[in-house]
Each structure stands twice: as C-alpha cells, then as structure tokens.
Number of protein chains: 2
Amino acid sequence: MASVCTVYTIQSLNSTSSISTPTKTNLGFNQKQVIFYRKTSQTKRNNNYSTPCLVTCSAADKTVVIGLAADSGCGKSTFMRRLTSVFGGAAEPPKGGNPDSNTLISDMTTVICLDDYHSLDRTGRKEKGVTALDPKANDFDLMYEQVKALKEGVPVEKPIYNHVSGLLDPPELIKPPKILVIEGLHPMFDSRVRDLLDFSIYLDISNEVKFAWKIQRDMAERGHSLESIKASIEARKPDFEAYIDPQKQYADAVIEVLPTQLIPDDNGGKILRVRLIQKEGVKNFNPVYLFDEGSTISWIPCGRKLTCSYPGIKFAYGPESYYGNEVSVVEMDGQFDRLDELIYVESHLSNLSTKFYGEVTQQMLKHSDFPGSSNGTGLFQTIIGMKIRELYEQLTSSKTAVPLQASKA
Amino acid sequence: MASVCTVYTIQSLNSTSSISTPTKTNLGFNQKQVIFYRKTSQTKRNNNYSTPCLVTCSAADKTVVIGLAADSGCGKSTFMRRLTSVFGGAAEPPKGGNPDSNTLISDMTTVICLDDYHSLDRTGRKEKGVTALDPKANDFDLMYEQVKALKEGVPVEKPIYNHVSGLLDPPELIKPPKILVIEGLHPMFDSRVRDLLDFSIYLDISNEVKFAWKIQRDMAERGHSLESIKASIEARKPDFEAYIDPQKQYADAVIEVLPTQLIPDDNGGKILRVRLIQKEGVKNFNPVYLFDEGSTISWIPCGRKLTCSYPGIKFAYGPESYYGNEVSVVEMDGQFDRLDELIYVESHLSNLSTKFYGEVTQQMLKHSDFPGSSNGTGLFQTIIGMKIRELYEQLTSSKTAVPLQASKA
C-alpha cells in the first residue's frame, strides 16, 4: 500500500508562529515549503497501525516522542531528572514564563505534563463529578494535535494546568525539541497519541507499595490520618483501573514496583522488588538481559565476591508473556549497600546501551541522593535513560541516511 | 617442621622386582640409588595431614593417584571409560594375565579395584558374618603399602579378588603408571591411603535412585523379586552407612545423583538431578562455575535459543557448606534432548579445563552410548576427567620445575 507523504523543510525554531488548534489536513503556520511525495513502501511502527508518514529534510527537525505514564506521585519527576542527566543536562522550567508551568526544558529534552490537557479545571471536575483520571476531564484532540505538530517540527501554544490554583492558565509556547517527553496519566490512552510515540514507558507501582509510600508521605509528613489516606486511595481506584492501568499493555517498557520477596510478608515499602518488563520486537530497542539472552535465570550476587547485608539482593531474568506480548523481564529484589556492588551488577548485565564501561554506575553515583538510587527503581530508570538515548541516536541517524526512494506525485 | 625425604631414581619399568609386603622404612627391592634429604619446608596437601615427602628425580617416575569411591554398580566403570578416553586411550585388562583380573590398563592410566584387597574371601566373610563393606574383610595395610609403592614408582604384586569364584587368586604384577586410579568401596577409609591420594571422588547415588536402578537391573533383567531386592538393599544399609558413606566428607569432588525435582514426586530414576560438589581450596583443582564465580544462580537454558521437551533442563550453581567444608556446587536437573544443547550448556560453564572449545561436548558425543550421556552424570564425569587431566599436568610439570631447596641431612 502506498500512502501520501508530506515533506516539510525546517520550521525555523525562533519563529513566533505556532498552532493551538491545527486542522488535521493543513497546519496553519508559515511553512517555508511543502512538497507532496507518494512513498513507495509503507512505513511501519512496532504496532500494527499505519502512521502518517512524515519525511523531513534535515536531521535537526524530527522530534522523537517518548510517553511516560504513571499515577501522580509515582516517581515521574525523578525519572525525568535521570533521563535528562543521561543526555548531559539539567531540566528547568521555561525562562520568563508562568512560574507555575509544568514544563521542564533542557538542551535535548522537553518534558510536558499531560495535566495541561485537562479540559475541566478543578471546579469543573467537581461540578461534573469526574476525577482528573477520567478521559472526560481531558482534551485528547488537542493533546494529539499538539504532540503531532511538535513531532513534525512545529511549535505549539500549549495550555497550562495550574496545580496550585486548579485553574487553566494562559498557554505557553513550546518549541519542537530533539526529544519530547509527554508524562502524565494518559500518554497511551488515545490511540492517535499512542501512535505518535517512538517509545513508551509505564511506571507500575503495586497497590501495597503505593499505600506504604502514601502513608509515609501523607501521614508522616503531612499529618493526614490513616483513614483519610485509605479513603482517598479507594476513591481513585475505579477510575485508575478503568483508564490508567490498561495503558500498560501498550508500553514498550514497564517498571513494576512490588514489595520485596526476600522478607516474608513484608509490605513496608522500604525494600522493593522492581521488574523491568521489556517488550520484544520493538525497533531500536534491544532488551537488557542477564548472562544468557532468552533463558530463565535467577542470580544472587551476594557470595564470595560480594557481601550483602540482610536481606541481600536477588536478580532474575527471563522471557514472559505480558498482555499477550512477548517480553523479557529483568528483576531486582533488595537494595545496594555499597556503590561497588553496583558496578559488579552492571558488569553482568548485557545490552545496557552504555557509551563506556560503568556508565550506569556513574549515573547512579552522580544522583545517589535521588529517591530509589539504592534499588531497582533507580537502576532501571537509568537503564531506560540509556535505552532512550540509543533509540534517539538510531532514529536520527537512520533519518539522515534515509534514501530518497520517494517519487513525486 | 622438617621431614626426612627419600629420593629415588627411576625404578626401571621392565624390572621384574616387586614388593608385596614392603616395610614402612626400607623397601625391599633392587633400587638403583637412595639419597636422604632433609626438606626445609613442609609439603602440605589440601587436608591437614603431613604426607611423607617423596622427591623423585625425573618427570617420568611420579605416579599421580586418584581415588574413586562408590557402592558397587554405581557407574564406576563408565566413569573409568570416560576418564581413560579424556587421556586418549582405551583401558584393557593386563595382557596374558588372569582373565578374571579387575585391573584396567591404558597408556596413561591403570585402574585397580580395591576389592582385590579383600582379606577374607566369600567363604571367609560368610564364616565370620561380615560383608565386603566391613573394614574387617579388607587388608588396609597391604592397600596402603602397595599404593604407596606404586606412587613412589615401585611395581607391586597385587592380589586378585576373583568376583566369579569369590576366592583370592594369585597376584598380578602392577607397574607404576602415570595415573593410578584406585576404585572401590574404601579408597578414602584408611587415613594412610587417603593421604596418598592426589585427588578423590565420591559417587553418591541417593537411595531412591539406587533402588530404581536395582529394580531396573535385578528385576527386569535378572528376574529377581521386588522383595528380594528390597531385602538385599536393607541388608547392606548398616555397613554402607557406617563405612562407605562417611568417606564423602574427604572427597575433593562428589557426584551426587538424586531424583529429578522437575516432576513432582518422581522417583522413577529415569530423569536425574545430578550435583557436582567441588571442594574449595584444593591445590590444582579450580571448581567449575556457571556465569559468575561465587554467587548463587539458577539457569533454565530452555527458552528462545533452546527448545527442550518436558520436563526441561535446569542448572544451578552456588557456594555451600558440605561436612564443614566450603564447596561450590554445579547442579543439572533433567536431560539433553539433542547434542547441540550440550555445546550451548558447555559454552556457559567456566573453568572446564578443556584444551579447546567444545571438548566436553566432543567427549560426550564420542561416548553417547555410555550410560548417563544425556544427563548430569555423564556431563560431570566428563568434566571431572578434564579436571584430573589438568591436575596430572600441573603435578607433573610442577614436579619437574621443583627447585632443589632441600639440603643433605
């Protein structure tokens, strides 16, 4: 099947032009040149959807789009700081803009929060009796159009949801970055948005751990009662299970956070069993493995070479089926006592996509103060950072090398 | 502590001289030259006994002595054939001798059966009411003196226990080989004999498997009744547990054969779980390991690269304590379906002491008709063969390189 493709030249990045509600067939901005091609072969992503084909004319103008889904308070911001660090920068809010902006910008990455696509503000949600988790409270048409525009190299005027006031603030200008991360509750909910993603991640915190963390934060730090915490979790559950949780079936990588199995019946949320579930057959993504690719392995590195304090560390690796997809799972239960344990572990993992020996350890050491640095959440977030860097490099280098097979219509 | 050492020149191998009952301080044979040395440093083996120090004057005249302990019918002869094959020859009974000789000779190895040191023949045992397992039915003084003489390069006239007649036949001449294997019920029972061993192996067949094997052989092939098999096993048990089983604590390597754990409650003895228990800290013996030395690992190689039929294959590796000794255990449960699985497994084992990539697989293929070739017994017997070859080479090369630190008394 042939599909009609549109080729844009570079949209000047300092252009003030932008779109907030572009039409699907013709974007209303001052493009320099538009050429129509009929492509000879179909471009396919890893899912079975045929995505609109965009052939851009320079290496600089394609934005790689990453989706990161998770419940609020599940470590998305830590993940973003780790990811940004892999690319060698620190993320900051847009300069001179709304101080309540949820956007974070670094040299390579722009992270936008999907709460900005709430169609109902706090009052509106209350009036209609819907939660922020409900798709009805979110504008997926706008989300799709703006993510699509950014992916095509077109700046957008993105709304801002003000978490402090609960209101929708005036929009801010988002320029197409090299890597766009859309993080929030629904990056993989709408199939049109999902199809725009070059890579997708779901942070899956088990109910036990979520509960333990909320108790820690809301009870110990904010003085809430155990009952009110339980009630608020229960209230969120139906919508979470209906709209958020099902997205994990679409994720290329899921980081699953569970209570440890090293201590029987431990639900304290201090020692974690973390699983990195990696979809097989995803282009430009080669799953990490332990010792022997495709086999089933458990590994307790503690022994003659490595001394671990109670309850120790246990890794596991193997192929599994996840929502009908073939996946490879690397699991870490327990936590690191010392930094030299990390390099020992790193040296036994393969396909890490590091640039040099020990890079994962170096990144972890650099941010040893981040939450999860001593357990699998930090380790796997860092590894996923490496994977996204590799994916970005492969997508952009393959793009420059794209042969001009297309012929004029 | 200094010990008095005796240095012999080569005892001519075609000499007709021999000893059957040498004294401990002065051997009665026509030695060419005897020199007494006082050694400046103590020679230690891996156990804490100080062994008599023998400094020989040429690389050709030291015999490496291997002890192999097991109950009768536990695969010792298969093991011997595998070991002999590693050294590149086939073992045969001494030419022109007693056709009922238990001895097997190849270019490199001579295997003597310790049944030849029975001090009581079948009638004698019956009269005194002792089994062949009982030390009282065995002449450990003669065993010690003859093994010691052979180790020192001195031929001996070894008795022959005739398994057919149950009588002690006239002795046969055994010349000192490069490698002497003493196999039977008691190679590690007498501490003097034990101290002569350069390496010791115990084949430990669990009662369940032993029972399944005996049923297969004695019931199916020889027409014995189930009751008589049970009775004969029960009758052997007390002496076995008193005199044979305790020797495994002294073994440098134990091959433990157990029912599979892949099929719940399987005692059929067809699919086996085999454990290679390797003592740590034994000179010239570096235990085999899986993936990561000193850690604890389980590995199911069946998966994307390897398809296994039910119930599959499972390997395990890890440090353990065995009779108070630190050991490393490699375990294989299940059996190989195809030969290419073996090279896959071999490529993931380390410290195999092979001369080239795939040598273990090659040996196993060569003798695919031997019992146990599809499971861990064949694999670990072959590996122990490689280990003994390495040990032999290290002992003989280190011997030639021994500096003459000794000073004349």
# chains A, B, ... in the order shown; residues from 1 in each chain; ligands from 1
call {"tool": "residues_around", "arguments": {"residues": "B:Leu379", "least_positions_apart": "4", "cutoff": "9 Å", "atoms": "only C-alpha atoms", "output": "PyMOL selection string"}}
result
chain B and resi 332+342+360-361+364+372-375+383-384
call {"tool": "write_last_selection", "arguments": {"atoms": "N, CA, C and O atoms", "output": "compact mmCIF listing (two decimals), in the first residue's frame"}}
result
# COMPACT_ATOMS: atom_id res chain seq x y z
N MET B 332 22.75 -30.14 37.67
CA MET B 332 21.95 -30.26 36.45
C MET B 332 20.76 -31.17 36.73
O MET B 332 20.93 -32.30 37.15
N LEU B 342 24.10 -29.51 24.27
CA LEU B 342 25.26 -29.71 25.11
C LEU B 342 26.31 -28.63 24.89
O LEU B 342 26.86 -28.08 25.84
N VAL B 360 34.30 -30.88 25.97
CA VAL B 360 33.39 -31.70 26.79
C VAL B 360 32.30 -32.30 25.89
O VAL B 360 32.02 -33.50 25.96
N THR B 361 31.73 -31.46 25.04
CA THR B 361 30.70 -31.95 24.10
C THR B 361 31.26 -33.03 23.20
O THR B 361 30.61 -34.07 22.97
N MET B 364 31.50 -36.24 25.08
CA MET B 364 30.17 -36.79 25.35
C MET B 364 29.59 -37.41 24.08
O MET B 364 28.94 -38.46 24.13
N GLY B 372 24.19 -42.58 31.02
CA GLY B 372 24.23 -41.23 31.60
C GLY B 372 24.68 -40.14 30.65
O GLY B 372 24.90 -39.00 31.07
N SER B 373 24.80 -40.46 29.37
CA SER B 373 25.30 -39.45 28.42
C SER B 373 24.32 -38.30 28.22
O SER B 373 24.72 -37.22 27.79
N SER B 374 23.05 -38.52 28.49
CA SER B 374 22.08 -37.44 28.27
C SER B 374 21.81 -36.64 29.53
O SER B 374 21.01 -35.71 29.52
N ASN B 375 22.48 -36.99 30.63
CA ASN B 375 22.19 -36.24 31.87
C ASN B 375 23.47 -35.82 32.59
O ASN B 375 24.57 -35.92 32.04
N ILE B 383 33.57 -33.86 32.87
CA ILE B 383 34.24 -32.67 33.40
C ILE B 383 35.31 -33.07 34.41
O ILE B 383 36.42 -32.52 34.40
N ILE B 384 35.00 -34.03 35.28
CA ILE B 384 35.99 -34.47 36.27
C ILE B 384 37.18 -35.11 35.55
O ILE B 384 38.33 -34.96 35.98
call {"tool": "closest_atom_pairs", "arguments": {"of": "chain A", "to": "chain B", "cutoff": "12 Å", "atoms": "only C-alpha atoms", "output": "tab-separated table"}}
result
residue	atom	partner	partner_atom	distance
A:Glu280	CA	B:Arg304	CA	11.4
A:Leu290	CA	B:Phe291	CA	9.6
A:Phe291	CA	B:Phe291	CA	6.5
A:Asp292	CA	B:Pro301	CA	8.0
A:Glu293	CA	B:Lys305	CA	7.9
A:Gly294	CA	B:Arg304	CA	4.8
A:Ser295	CA	B:Pro301	CA	4.9
A:Thr296	CA	B:Ile300	CA	4.8
A:Ile297	CA	B:Trp299	CA	4.4
A:Ser298	CA	B:Ser298	CA	5.0
A:Trp299	CA	B:Ile297	CA	4.4
A:Ile300	CA	B:Thr296	CA	4.8
A:Pro301	CA	B:Ser295	CA	4.9
A:Cys302	CA	B:Ser295	CA	5.9
A:Gly303	CA	B:Ser295	CA	4.9
A:Arg304	CA	B:Gly294	CA	4.8
A:Lys305	CA	B:Gly294	CA	6.3
A:Leu306	CA	B:Ser295	CA	8.1
A:Thr307	CA	B:Ser295	CA	10.2
A:Cys308	CA	B:Ser295	CA	11.4
A:Gly312	CA	B:Thr296	CA	11.7
A:Ile313	CA	B:Thr296	CA	10.7
A:Lys314	CA	B:Thr296	CA	9.1
A:Phe315	CA	B:Ile297	CA	9.2
A:Ala316	CA	B:Ser298	CA	9.1
A:Tyr317	CA	B:Trp299	CA	9.4
A:Gly318	CA	B:Gly303	CA	8.3
A:Pro319	CA	B:Gly303	CA	7.3
A:Glu320	CA	B:Gly303	CA	9.9
A:Glu326	CA	B:Arg304	CA	10.6
A:Val327	CA	B:Arg304	CA	11.3
A:Ser328	CA	B:Arg304	CA	10.5
A:Tyr344	CA	B:Asp292	CA	10.3
A:Val345	CA	B:Asp292	CA	10.5
A:Ser347	CA	B:Asp292	CA	10.5
A:His348	CA	B:Asp292	CA	8.2
A:Leu349	CA	B:Phe291	CA	11.3
call {"tool": "write_last_selection", "arguments": {"atoms": "C-alpha atoms", "output": "CSV table (one decimal), in the first residue's frame"}}
result
chain,number,residue,atom,x,y,z
A,280,GLU,CA,10.3,-7.9,22.4
A,290,LEU,CA,21.3,-11.2,32.4
A,291,PHE,CA,24.0,-13.7,31.4
A,292,ASP,CA,22.2,-15.6,28.7
A,293,GLU,CA,19.7,-14.0,26.4
A,294,GLY,CA,16.3,-15.7,26.2
A,295,SER,CA,16.9,-18.2,29.1
A,296,THR,CA,15.5,-18.1,32.6
A,297,ILE,CA,17.9,-17.1,35.3
A,298,SER,CA,18.0,-16.2,39.0
A,299,TRP,CA,21.1,-14.7,40.4
A,300,ILE,CA,22.1,-13.9,44.0
A,301,PRO,CA,25.3,-11.9,43.5
A,302,CYS,CA,26.0,-11.9,47.3
A,303,GLY,CA,28.5,-14.6,48.0
A,304,ARG,CA,32.3,-15.0,47.9
A,305,LYS,CA,32.9,-11.8,45.9
A,306,LEU,CA,30.2,-9.6,47.3
A,307,THR,CA,29.0,-9.3,50.8
A,308,CYS,CA,25.4,-8.0,51.2
A,312,GLY,CA,20.5,-9.4,50.4
A,313,ILE,CA,19.9,-8.9,46.7
A,314,LYS,CA,18.4,-11.2,44.2
A,315,PHE,CA,18.2,-10.7,40.4
A,316,ALA,CA,16.0,-12.7,38.0
A,317,TYR,CA,15.7,-12.7,34.2
A,318,GLY,CA,13.6,-14.5,31.7
A,319,PRO,CA,11.1,-14.4,28.9
A,320,GLU,CA,7.4,-14.0,29.8
A,326,GLU,CA,6.4,-11.5,24.4
A,327,VAL,CA,8.5,-9.6,26.9
A,328,SER,CA,11.9,-10.0,28.6
A,344,TYR,CA,29.6,-5.6,39.9
A,345,VAL,CA,25.9,-5.9,38.9
A,347,SER,CA,29.2,-5.8,34.6
A,348,HIS,CA,26.9,-8.8,34.5
A,349,LEU,CA,24.0,-7.1,32.6
call {"tool": "residues_around", "arguments": {"residues": "stretch 94-108 of chain B", "least_positions_apart": "4", "cutoff": "12 Å", "atoms": "only C-alpha atoms", "output": "PyMOL selection string"}}
result
chain B and resi 60+63-65+77+80-81+83-90+112-117+158-184+388-389+392-393
call {"tool": "write_last_selection", "arguments": {"atoms": "C-alpha atoms", "output": "JSON list (two decimals), in the first residue's frame"}}
result
[["chain", "number", "residue", "atom", "x", "y", "z"],
["B", 60, "ALA", "CA", 58.53, -39.85, 34.47],
["B", 63, "THR", "CA", 52.54, -41.64, 39.83],
["B", 64, "VAL", "CA", 49.50, -39.41, 40.36],
["B", 65, "VAL", "CA", 46.99, -41.30, 42.48],
["B", 77, "SER", "CA", 33.32, -48.47, 35.22],
["B", 80, "MET", "CA", 36.70, -45.04, 34.18],
["B", 81, "ARG", "CA", 35.97, -45.36, 30.48],
["B", 83, "LEU", "CA", 38.35, -40.75, 32.19],
["B", 84, "THR", "CA", 40.56, -43.00, 30.08],
["B", 85, "SER", "CA", 39.06, -41.51, 26.93],
["B", 86, "VAL", "CA", 40.00, -37.98, 28.04],
["B", 87, "PHE", "CA", 43.62, -39.15, 28.11],
["B", 88, "GLY", "CA", 43.18, -40.51, 24.61],
["B", 89, "GLY", "CA", 43.16, -44.27, 25.08],
["B", 90, "ALA", "CA", 41.03, -47.28, 25.87],
["B", 112, "ILE", "CA", 42.87, -51.12, 40.20],
["B", 113, "CYS", "CA", 39.82, -52.39, 42.01],
["B", 114, "LEU", "CA", 40.07, -52.25, 45.78],
["B", 115, "ASP", "CA", 38.09, -55.49, 46.06],
["B", 116, "ASP", "CA", 41.49, -57.03, 45.37],
["B", 117, "TYR", "CA", 42.43, -56.09, 48.94],
["B", 158, "LYS", "CA", 48.83, -57.11, 43.79],
["B", 159, "PRO", "CA", 46.36, -59.82, 44.81],
["B", 160, "ILE", "CA", 43.30, -60.51, 42.67],
["B", 161, "TYR", "CA", 39.86, -60.99, 44.17],
["B", 162, "ASN", "CA", 38.03, -63.25, 41.76],
["B", 163, "HIS", "CA", 34.47, -61.95, 41.57],
["B", 164, "VAL", "CA", 33.36, -65.09, 39.77],
["B", 165, "SER", "CA", 34.72, -67.64, 42.25],
["B", 166, "GLY", "CA", 34.72, -65.38, 45.30],
["B", 167, "LEU", "CA", 38.30, -66.53, 46.01],
["B", 168, "LEU", "CA", 41.64, -64.70, 46.22],
["B", 169, "ASP", "CA", 43.64, -65.59, 43.07],
["B", 170, "PRO", "CA", 47.44, -65.45, 42.77],
["B", 171, "PRO", "CA", 48.74, -61.86, 42.50],
["B", 172, "GLU", "CA", 49.42, -59.94, 39.29],
["B", 173, "LEU", "CA", 52.31, -57.55, 38.61],
["B", 174, "ILE", "CA", 51.25, -53.87, 38.56],
["B", 175, "LYS", "CA", 53.83, -51.43, 37.21],
["B", 176, "PRO", "CA", 53.70, -47.79, 38.32],
["B", 177, "PRO", "CA", 51.55, -45.95, 35.77],
["B", 178, "LYS", "CA", 51.41, -42.22, 35.10],
["B", 179, "ILE", "CA", 47.99, -42.13, 36.73],
["B", 180, "LEU", "CA", 46.83, -44.75, 39.19],
["B", 181, "VAL", "CA", 43.12, -44.89, 39.91],
["B", 182, "ILE", "CA", 42.08, -46.89, 42.94],
["B", 183, "GLU", "CA", 38.36, -47.53, 42.71],
["B", 184, "GLY", "CA", 36.10, -49.40, 45.03],
["B", 388, "ILE", "CA", 42.07, -34.89, 36.53],
["B", 389, "ARG", "CA", 43.99, -34.35, 33.31],
["B", 392, "TYR", "CA", 48.04, -34.50, 36.36],
["B", 393, "GLU", "CA", 49.66, -31.97, 34.06]]
call {"tool": "select_by_dssp", "arguments": {"residues": "stretch 64-306 of chain B", "states": "strand (DSSP E)", "output": "number ranges by chain"}}
result
B: 64-69, 104-105, 109-113, 156-161, 168-174, 179-184, 199-205, 253-259, 272-279, 289-290, 296-300
call {"tool": "residues_around", "arguments": {"residues": "B:Lys237", "least_positions_apart": "4", "cutoff": "12 Å", "atoms": "only C-alpha atoms", "output": "list of chain:residue names"}}
result
B:Asp71, B:Thr131, B:Leu133, B:Asp134, B:Asn207, B:Lys210, B:Phe211, B:Lys230, B:Ala231, B:Ser232, B:Ile233, B:Glu241, B:Ala242, B:Tyr243, B:Ile244, B:Asp245
call {"tool": "closest_residue", "arguments": {"among": "A:Ser225, A:Ile215, A:Thr78, A:Leu395", "to": "A:Thr377", "atoms": "only C-alpha atoms"}}
result
A:Thr78
call {"tool": "residues_around", "arguments": {"residues": "B:Leu262", "least_positions_apart": "6", "cutoff": "10 Å", "atoms": "only C-alpha atoms", "output": "PyMOL selection string"}}
result
chain B and resi 271-273+310-314+333-334
call {"tool": "write_last_selection", "arguments": {"atoms": "N, CA, C and O atoms", "output": "short mmCIF file (atom, residue, chain, number, x, y, z; two decimals), in the first residue's frame"}}
result
data_model
loop_
_atom_site.label_atom_id
_atom_site.label_comp_id
_atom_site.auth_asym_id
_atom_site.auth_seq_id
_atom_site.Cartn_x
_atom_site.Cartn_y
_atom_site.Cartn_z
N ILE B 271 14.82 -39.65 35.01
CA ILE B 271 15.30 -38.27 34.91
C ILE B 271 15.96 -37.92 36.24
O ILE B 271 15.38 -38.10 37.31
N LEU B 272 17.19 -37.45 36.12
CA LEU B 272 18.01 -37.30 37.33
C LEU B 272 18.40 -35.85 37.57
O LEU B 272 18.60 -35.08 36.65
N ARG B 273 18.54 -35.56 38.84
CA ARG B 273 19.14 -34.29 39.28
C ARG B 273 20.53 -34.65 39.78
O ARG B 273 20.66 -35.44 40.72
N TYR B 310 9.56 -31.74 27.64
CA TYR B 310 9.21 -31.91 29.05
C TYR B 310 10.14 -32.92 29.72
O TYR B 310 10.46 -33.93 29.10
N PRO B 311 10.59 -32.72 30.94
CA PRO B 311 10.31 -31.57 31.81
C PRO B 311 11.36 -30.47 31.72
O PRO B 311 11.44 -29.64 32.61
N GLY B 312 12.14 -30.43 30.68
CA GLY B 312 13.13 -29.37 30.52
C GLY B 312 14.43 -29.65 31.24
O GLY B 312 14.69 -30.78 31.72
N ILE B 313 15.25 -28.64 31.33
CA ILE B 313 16.57 -28.74 31.96
C ILE B 313 16.73 -27.54 32.89
O ILE B 313 16.37 -26.42 32.53
N LYS B 314 17.26 -27.78 34.07
CA LYS B 314 17.53 -26.68 34.98
C LYS B 314 18.91 -26.85 35.59
O LYS B 314 19.22 -27.90 36.14
N ASP B 333 19.58 -30.66 36.49
CA ASP B 333 18.36 -31.47 36.61
C ASP B 333 17.77 -31.59 35.21
O ASP B 333 17.67 -30.60 34.48
N GLY B 334 17.38 -32.81 34.84
CA GLY B 334 16.81 -33.02 33.51
C GLY B 334 17.79 -33.68 32.57
O GLY B 334 18.87 -34.11 32.99
#
call {"tool": "select_by_dssp", "arguments": {"residues": "stretch 178-357 of chain B", "states": "alpha helix (DSSP H)", "output": "NGL selection string"}}
result
:B and (191-196 or 207-214 or 226-239 or 339-346)
call {"tool": "residues_around", "arguments": {"residues": "A:Lys387", "least_positions_apart": "5", "cutoff": "9 Å", "atoms": "only C-alpha atoms", "output": "list in words"}}
result
Asn284, Phe285, Asn286, Pro287, Leu352, Ser353, Thr354, Thr382 and Tyr392 of chain A
